[in-house]
>>> print(open('run.txt').read())   # compact mmCIF, C-alpha atoms
# COMPACT_ATOMS: atom_id res chain seq x y z
CA MET A 293 43.81 -0.57 22.37
CA LEU A 294 44.12 0.27 18.69
CA SER A 295 41.02 -1.32 17.23
CA HIS A 296 40.27 -2.78 13.80
CA ILE A 297 44.02 -3.53 13.33
CA GLY A 298 44.57 0.19 12.85
CA VAL A 299 43.26 0.29 9.26
CA PRO A 300 44.26 2.29 7.27
CA TRP A 301 47.33 2.98 9.45
CA VAL A 302 48.47 -0.61 9.99
CA VAL A 303 52.22 0.09 9.78
CA GLU A 304 51.90 2.99 12.22
CA THR A 305 49.79 0.80 14.51
CA ILE A 306 52.49 -1.89 14.53
CA GLU A 307 55.13 0.76 15.28
CA ALA A 308 53.09 2.07 18.23
CA ALA A 309 52.59 -1.45 19.64
CA THR A 310 56.32 -2.09 19.26
CA ARG A 311 57.36 1.17 20.88
CA PHE A 312 54.93 1.35 23.80
CA PRO A 313 54.45 -1.71 26.05
CA ASN A 314 50.91 -0.70 27.04
CA VAL A 315 49.58 -0.46 23.45
CA TYR A 316 47.70 -3.41 22.01
CA ILE A 317 46.25 -4.13 18.57
CA GLY A 318 42.64 -5.33 18.46
CA THR A 319 41.58 -7.48 15.52
CA ALA A 320 37.77 -7.46 15.80
CA THR A 321 35.69 -6.80 12.68
CA ARG A 322 38.55 -7.73 10.32
CA PRO A 323 38.61 -11.43 9.38
CA PRO A 324 42.13 -12.89 9.53
CA ARG A 325 42.14 -13.62 5.79
CA ARG A 326 42.01 -9.85 5.25
CA TRP A 327 44.85 -8.94 7.58
CA PRO A 328 47.80 -7.26 5.84
CA ASP A 329 51.01 -9.28 5.50
CA GLU A 330 52.79 -6.81 7.81
CA LEU A 331 50.40 -7.61 10.64
CA VAL A 332 50.64 -11.37 10.14
CA ALA A 333 54.47 -11.15 10.17
CA PHE A 334 54.34 -8.97 13.32
CA ILE A 335 52.10 -11.47 15.13
CA LYS A 336 54.35 -14.37 14.10
CA GLY A 337 57.31 -12.47 15.53
CA ASP A 338 57.59 -9.97 18.36
CA GLY A 339 53.94 -8.93 18.30
CA ARG A 340 52.34 -12.11 19.56
CA ASP A 341 51.75 -10.60 23.01
CA CYS A 342 50.65 -7.23 21.60
CA CYS A 343 47.52 -8.40 19.82
CA VAL A 344 44.06 -9.12 21.19
CA PHE A 345 42.04 -11.42 18.97
CA GLY A 346 38.40 -10.65 18.26
CA ALA A 347 36.47 -12.89 15.90
CA GLY A 348 34.19 -10.17 14.59
CA PHE A 349 31.07 -12.24 15.24
CA PRO A 350 28.49 -12.18 13.64
CA LEU A 351 30.27 -10.93 10.52
CA THR A 352 32.75 -13.79 10.77
CA GLY A 353 31.92 -16.87 12.81
CA HIS A 354 34.20 -18.01 15.61
CA VAL A 355 35.20 -21.30 14.01
CA SER A 356 35.65 -19.64 10.61
CA SER A 357 37.97 -17.04 12.15
CA MET A 358 39.96 -19.72 13.94
CA ARG A 359 40.34 -21.69 10.70
CA GLN A 360 41.62 -18.56 8.99
CA LEU A 361 44.17 -18.12 11.79
CA GLU A 362 45.25 -21.71 11.24
CA ASP A 363 45.56 -21.10 7.47
CA LEU A 364 47.86 -18.14 8.22
CA GLY A 365 50.03 -20.33 10.46
CA LEU A 366 49.12 -18.37 13.59
CA PHE A 367 47.05 -20.92 15.49
CA ALA A 368 46.29 -24.62 15.49
CA PHE A 369 43.14 -26.07 16.99
CA GLU A 370 40.61 -28.83 16.76
CA VAL A 371 36.88 -28.80 17.44
CA GLY A 372 35.46 -31.77 19.28
CA VAL A 373 33.17 -32.84 22.05
CA GLY A 374 33.46 -30.31 24.82
CA GLY A 375 34.55 -27.39 22.65
CA VAL A 376 37.73 -26.15 21.07
CA ARG A 377 41.19 -27.38 21.98
CA VAL A 378 44.45 -25.67 21.03
CA ARG A 379 47.10 -27.92 19.51
CA ALA A 380 50.72 -27.35 20.31
>>> encode(input="run.txt", output="structure tokens")
Amino acid sequence: MLSHIGVPWVVETIEAATRFPNVYIGTATRPPRRWPDELVAFIKGDGRDCCVFGAGFPLTGHVSSMRQLEDLGLFAFEVGVGGVRVRA
């Protein structure tokens, strides 16, 4: 697990996750709105299964982080009675 999206070595982190099937990128402590464009593009493409999402609570709230993911086009959800539901 390469934590904190690999900052300041984001490109190298993406290369490691691409090259080695047992390497994952952890996103905790970095709100999605601050993720580099390279990481967002990687997650939208081949890296979707290589990233482990962490909201970074209490620095960034869970719902706030999820809304930021939605703004980046990475995730769609709705909050309602009974919790959070992912939209297809």
>>> closest_residue(input="run.txt", among="A:Ile335, A:Ser357, A:Gly346, A:Glu307", to="A:Ser295", atoms="all atoms listed in the file")
A:Gly346
>>> closest_residue(input="run.txt", among="A:Pro313, A:Arg325, A:Gly337, A:Phe345", to="A:His296", atoms="all atoms listed in the file")
A:Phe345
>>> closest_residue(input="run.txt", among="A:Gly353, A:Gly339, A:Gly365, A:Gly348", to="A:Arg311", atoms="all atoms listed in the file")
A:Gly339
>>> residues_around(input="run.txt", residues="A:Pro328", least_positions_apart="6", cutoff="10 Å", atoms="all atoms listed in the file", output="PyMOL selection string")
chain A and resi 297+299+302-303
>>> atom_distance(input="run.txt", atom1="atom CA of A:Cys342", atom2="atom CA of A:Glu370")
24.3 Å
